[in-house]
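S.K.: The following block contains the structure, expressed as structure tokens.
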Amino acid sequence: MKFYIAEANIGGDATVAQAEKVIKMLKEKGHDVEYGIKMNKATDISEFGQEERLQDAFAEDFLACLDRLGI
């Protein structure tokens, strides 16, 4: 599943550099994520019907990254 992150997803005072750090950390965890503001979308047939589970796992990792960075 393709995810998109920008500073707007992180918080009001977030910077592009912080967004890029979060993206790097999420990629290291195996997520397909890029900088930008777009709708997250399933990219493989095996993901259809699994979107909620994949988004929940992503959200958990995303919040862990923010915590790790102190954001």
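All residue names refer to the structure tokens as shown: chains lettered A, B, ... in order, residues numbered from 1 in each chain, ligands numbered from 1 in order.
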Extract, using only C-alpha atoms, all DNA, RNA and protein residues at most 8 Å from stretch 52-69 of chain A, discarding same-chain residues fewer than 2 positions from it, and format them as a list in words.

M.R.: Met1, Ile10, Val22, Met25, Leu26, Lys29, His31, Gly49, Gln50 and Ile71 of chain A

S.K.: Those residues with all heavy atoms, as a JSON list (two decimals), in the first residue's frame please?

M.R.:
```
[["chain", "number", "residue", "atom", "x", "y", "z"],
["A", 1, "MET", "N", 0.84, -1.16, 0.00],
["A", 1, "MET", "CA", 0.00, 0.00, 0.00],
["A", 1, "MET", "C", 0.89, 1.23, 0.00],
["A", 1, "MET", "O", 1.89, 1.28, 0.70],
["A", 1, "MET", "CB", -0.91, -0.02, 1.22],
["A", 1, "MET", "CG", -1.93, 1.04, 1.23],
["A", 1, "MET", "SD", -3.31, 0.56, 2.28],
["A", 1, "MET", "CE", -4.43, 1.84, 1.84],
["A", 10, "ILE", "N", 2.09, 15.74, 10.25],
["A", 10, "ILE", "CA", 2.85, 15.58, 11.48],
["A", 10, "ILE", "C", 2.39, 16.56, 12.55],
["A", 10, "ILE", "O", 2.24, 16.20, 13.70],
["A", 10, "ILE", "CB", 4.36, 15.74, 11.20],
["A", 10, "ILE", "CG1", 4.80, 14.61, 10.27],
["A", 10, "ILE", "CG2", 5.15, 15.72, 12.50],
["A", 10, "ILE", "CD1", 6.22, 14.76, 9.76],
["A", 22, "VAL", "N", 10.78, 11.12, 9.06],
["A", 22, "VAL", "CA", 9.72, 10.15, 9.33],
["A", 22, "VAL", "C", 9.57, 9.20, 8.14],
["A", 22, "VAL", "O", 9.44, 7.99, 8.32],
["A", 22, "VAL", "CB", 8.39, 10.87, 9.64],
["A", 22, "VAL", "CG1", 7.23, 9.89, 9.72],
["A", 22, "VAL", "CG2", 8.50, 11.65, 10.95],
["A", 25, "MET", "N", 12.36, 6.66, 8.18],
["A", 25, "MET", "CA", 12.14, 5.65, 9.22],
["A", 25, "MET", "C", 11.05, 4.66, 8.81],
["A", 25, "MET", "O", 11.20, 3.45, 9.04],
["A", 25, "MET", "CB", 11.76, 6.34, 10.54],
["A", 25, "MET", "CG", 12.90, 7.15, 11.12],
["A", 25, "MET", "SD", 12.39, 8.18, 12.52],
["A", 25, "MET", "CE", 12.18, 6.93, 13.78],
["A", 26, "LEU", "N", 9.99, 5.15, 8.21],
["A", 26, "LEU", "CA", 8.90, 4.27, 7.79],
["A", 26, "LEU", "C", 9.34, 3.35, 6.66],
["A", 26, "LEU", "O", 8.95, 2.18, 6.62],
["A", 26, "LEU", "CB", 7.68, 5.09, 7.39],
["A", 26, "LEU", "CG", 6.95, 5.76, 8.56],
["A", 26, "LEU", "CD1", 5.98, 6.81, 8.05],
["A", 26, "LEU", "CD2", 6.25, 4.73, 9.42],
["A", 29, "LYS", "N", 11.10, 0.47, 7.98],
["A", 29, "LYS", "CA", 10.18, -0.50, 8.57],
["A", 29, "LYS", "C", 9.44, -1.28, 7.48],
["A", 29, "LYS", "O", 8.60, -2.12, 7.78],
["A", 29, "LYS", "CB", 9.18, 0.20, 9.49],
["A", 29, "LYS", "CG", 9.81, 0.73, 10.77],
["A", 29, "LYS", "CD", 8.75, 1.38, 11.64],
["A", 29, "LYS", "CE", 9.33, 1.80, 12.96],
["A", 29, "LYS", "NZ", 9.43, 0.71, 13.91],
["A", 31, "HIS", "N", 7.55, 0.11, 4.84],
["A", 31, "HIS", "CA", 6.38, 0.76, 4.25],
["A", 31, "HIS", "C", 6.75, 1.45, 2.94],
["A", 31, "HIS", "O", 7.86, 1.95, 2.78],
["A", 31, "HIS", "CB", 5.81, 1.80, 5.22],
["A", 31, "HIS", "CG", 5.24, 1.20, 6.47],
["A", 31, "HIS", "ND1", 4.05, 0.51, 6.50],
["A", 31, "HIS", "CD2", 5.72, 1.19, 7.74],
["A", 31, "HIS", "CE1", 3.82, 0.11, 7.74],
["A", 31, "HIS", "NE2", 4.82, 0.49, 8.50],
["A", 49, "GLY", "N", -9.16, -5.08, 0.10],
["A", 49, "GLY", "CA", -9.90, -5.67, 1.21],
["A", 49, "GLY", "C", -9.10, -5.70, 2.50],
["A", 49, "GLY", "O", -9.63, -6.03, 3.55],
["A", 50, "GLN", "N", -7.81, -5.36, 2.42],
["A", 50, "GLN", "CA", -6.93, -5.35, 3.58],
["A", 50, "GLN", "C", -6.52, -3.93, 3.99],
["A", 50, "GLN", "O", -5.70, -3.75, 4.88],
["A", 50, "GLN", "CB", -5.65, -6.16, 3.28],
["A", 50, "GLN", "CG", -5.90, -7.60, 2.89],
["A", 50, "GLN", "CD", -6.49, -8.38, 4.04],
["A", 50, "GLN", "OE1", -6.05, -8.26, 5.17],
["A", 50, "GLN", "NE2", -7.51, -9.17, 3.75],
["A", 71, "ILE", "N", 8.45, 14.33, 18.37],
["A", 71, "ILE", "CA", 7.55, 15.28, 17.69],
["A", 71, "ILE", "C", 6.16, 15.17, 18.30],
["A", 71, "ILE", "O", 5.62, 14.16, 18.50],
["A", 71, "ILE", "CB", 7.48, 15.00, 16.17],
["A", 71, "ILE", "CG1", 8.88, 15.17, 15.57],
["A", 71, "ILE", "CG2", 6.51, 15.93, 15.49],
["A", 71, "ILE", "CD1", 9.00, 14.77, 14.12]]
```

S.K.: If you run DSSP on this backbone, which residues of chain A come out as alpha helix (DSSP H), and could you give them as a PyMOL selection string?

M.R.: chain A and resi 7-10+16-28+51-69

S.K.: With N, CA, C and O atoms retained, write the just-selected residues as a short mmCIF file (atom, residue, chain, number, x, y, z; two decimals), in the first residue's frame.

M.R.:
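Just written: again-v4.cif:
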```cif
data_model
loop_
_atom_site.label_atom_id
_atom_site.label_comp_id
_atom_site.auth_asym_id
_atom_site.auth_seq_id
_atom_site.Cartn_x
_atom_site.Cartn_y
_atom_site.Cartn_z
N GLU A 7 4.58 17.50 6.06
CA GLU A 7 4.63 18.12 7.38
C GLU A 7 3.23 18.38 7.94
O GLU A 7 3.03 18.35 9.15
N ALA A 8 2.25 18.59 7.09
CA ALA A 8 0.87 18.80 7.55
C ALA A 8 0.33 17.57 8.29
O ALA A 8 -0.52 17.71 9.15
N ASN A 9 0.83 16.38 7.95
CA ASN A 9 0.40 15.15 8.63
C ASN A 9 1.02 15.01 10.01
O ASN A 9 0.53 14.25 10.83
N ILE A 10 2.09 15.74 10.25
CA ILE A 10 2.85 15.58 11.48
C ILE A 10 2.39 16.56 12.55
O ILE A 10 2.24 16.20 13.70
N VAL A 16 9.73 20.29 6.71
CA VAL A 16 9.96 19.32 5.63
C VAL A 16 11.03 18.32 6.06
O VAL A 16 10.90 17.13 5.80
N ALA A 17 12.07 18.80 6.72
CA ALA A 17 13.15 17.91 7.18
C ALA A 17 12.61 16.85 8.13
O ALA A 17 13.01 15.68 8.05
N GLN A 18 11.71 17.22 9.03
CA GLN A 18 11.12 16.24 9.95
C GLN A 18 10.28 15.23 9.19
O GLN A 18 10.33 14.03 9.47
N ALA A 19 9.52 15.70 8.21
CA ALA A 19 8.72 14.79 7.40
C ALA A 19 9.62 13.80 6.67
O ALA A 19 9.31 12.60 6.61
N GLU A 20 10.72 14.28 6.14
CA GLU A 20 11.65 13.41 5.43
C GLU A 20 12.27 12.37 6.37
O GLU A 20 12.48 11.22 5.98
N LYS A 21 12.55 12.75 7.62
CA LYS A 21 13.07 11.78 8.60
C LYS A 21 12.05 10.71 8.90
O LYS A 21 12.38 9.52 8.97
N VAL A 22 10.78 11.12 9.06
CA VAL A 22 9.72 10.15 9.33
C VAL A 22 9.57 9.20 8.14
O VAL A 22 9.44 7.99 8.32
N ILE A 23 9.61 9.74 6.94
CA ILE A 23 9.50 8.91 5.74
C ILE A 23 10.63 7.88 5.69
O ILE A 23 10.39 6.70 5.44
N LYS A 24 11.84 8.33 5.97
CA LYS A 24 12.99 7.42 5.96
C LYS A 24 12.80 6.30 6.98
O LYS A 24 13.04 5.13 6.69
N MET A 25 12.36 6.66 8.18
CA MET A 25 12.14 5.65 9.22
C MET A 25 11.05 4.66 8.81
O MET A 25 11.20 3.45 9.04
N LEU A 26 9.99 5.15 8.21
CA LEU A 26 8.90 4.27 7.79
C LEU A 26 9.34 3.35 6.66
O LEU A 26 8.95 2.18 6.62
N LYS A 27 10.16 3.86 5.75
CA LYS A 27 10.69 3.01 4.68
C LYS A 27 11.56 1.90 5.26
O LYS A 27 11.52 0.76 4.79
N GLU A 28 12.34 2.23 6.30
CA GLU A 28 13.18 1.23 6.95
C GLU A 28 12.33 0.14 7.61
O GLU A 28 12.78 -0.99 7.76
N GLU A 51 -7.12 -2.95 3.34
CA GLU A 51 -6.70 -1.56 3.55
C GLU A 51 -6.74 -1.14 5.02
O GLU A 51 -5.80 -0.50 5.51
N GLU A 52 -7.79 -1.48 5.72
CA GLU A 52 -7.91 -1.05 7.12
C GLU A 52 -6.80 -1.65 7.97
O GLU A 52 -6.19 -0.95 8.78
N ARG A 53 -6.52 -2.92 7.78
CA ARG A 53 -5.45 -3.57 8.55
C ARG A 53 -4.10 -2.94 8.23
O ARG A 53 -3.30 -2.67 9.13
N LEU A 54 -3.83 -2.68 6.96
CA LEU A 54 -2.58 -2.06 6.55
C LEU A 54 -2.46 -0.63 7.07
O LEU A 54 -1.39 -0.22 7.52
N GLN A 55 -3.55 0.11 7.05
CA GLN A 55 -3.52 1.48 7.55
C GLN A 55 -3.32 1.50 9.07
O GLN A 55 -2.62 2.38 9.58
N ASP A 56 -3.90 0.55 9.77
CA ASP A 56 -3.70 0.47 11.22
C ASP A 56 -2.24 0.18 11.55
O ASP A 56 -1.67 0.80 12.46
N ALA A 57 -1.62 -0.74 10.82
CA ALA A 57 -0.22 -1.06 11.05
C ALA A 57 0.66 0.14 10.73
O ALA A 57 1.61 0.45 11.46
N PHE A 58 0.35 0.84 9.65
CA PHE A 58 1.10 2.03 9.28
C PHE A 58 0.96 3.10 10.36
O PHE A 58 1.94 3.73 10.75
N ALA A 59 -0.26 3.32 10.83
CA ALA A 59 -0.51 4.35 11.85
C ALA A 59 0.29 4.06 13.11
O ALA A 59 0.86 4.97 13.72
N GLU A 60 0.35 2.80 13.49
CA GLU A 60 1.12 2.42 14.68
C GLU A 60 2.60 2.74 14.50
O GLU A 60 3.23 3.32 15.38
N ASP A 61 3.14 2.40 13.34
CA ASP A 61 4.55 2.69 13.06
C ASP A 61 4.78 4.20 12.93
O ASP A 61 5.81 4.72 13.38
N PHE A 62 3.85 4.91 12.32
CA PHE A 62 3.95 6.35 12.16
C PHE A 62 4.03 7.03 13.53
O PHE A 62 4.91 7.86 13.77
N LEU A 63 3.15 6.67 14.43
CA LEU A 63 3.14 7.26 15.77
C LEU A 63 4.41 6.90 16.53
O LEU A 63 4.95 7.73 17.28
N ALA A 64 4.91 5.69 16.34
CA ALA A 64 6.17 5.29 17.00
C ALA A 64 7.34 6.14 16.49
O ALA A 64 8.20 6.53 17.25
N CYS A 65 7.34 6.44 15.19
CA CYS A 65 8.38 7.29 14.62
C CYS A 65 8.32 8.70 15.20
O CYS A 65 9.35 9.28 15.54
N LEU A 66 7.12 9.24 15.30
CA LEU A 66 6.96 10.58 15.86
C LEU A 66 7.44 10.60 17.31
O LEU A 66 8.14 11.54 17.72
N ASP A 67 7.10 9.57 18.05
CA ASP A 67 7.54 9.49 19.45
C ASP A 67 9.05 9.41 19.54
O ASP A 67 9.67 10.07 20.36
N ARG A 68 9.63 8.60 18.67
CA ARG A 68 11.08 8.43 18.67
C ARG A 68 11.82 9.73 18.34
O ARG A 68 12.88 10.01 18.88
N LEU A 69 11.21 10.54 17.48
CA LEU A 69 11.81 11.83 17.09
C LEU A 69 11.42 12.94 18.06
O LEU A 69 11.91 14.06 17.94
#
```

S.K.: DSSP says strand (DSSP E or B) for which residues of chain A? Put them as a ChimeraX atom specification?

M.R.: /A:2-5,32-35,41

S.K.: Using only C-alpha atoms, find the one residue out of A:Thr43, A:Gly70, A:Gly36, A:Gly30 that sits nearest to A:Tyr4.

M.R.: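 Using only C-alpha atoms, the shortest distance to A:Tyr4 belongs to A:Gly36.
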
S.K.: For atom CA of A:Ile5 and atom CA of A:Glu47, quote the distance in Å rounded to one decimal.

M.R.: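 Between atom CA of A:Ile5 and atom CA of A:Glu47 the gap is 19.6 Å.
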
S.K.: If I take atom CA of A:Ile37 and atom CA of A:Thr15, how far is one from the other in Å, to one decimal?

M.R.: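 Result for atom CA of A:Ile37 versus atom CA of A:Thr15: 14.3 Å, one decimal.
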
S.K.: Please provide as JSON, numbers by chain all residues within 6 Å of A:Lys2, with the sequence filter that same-chain residues fewer than 2 positions apart are discarded (counting only C-alpha atoms).

M.R.: {"A": [32, 33, 40, 41]}
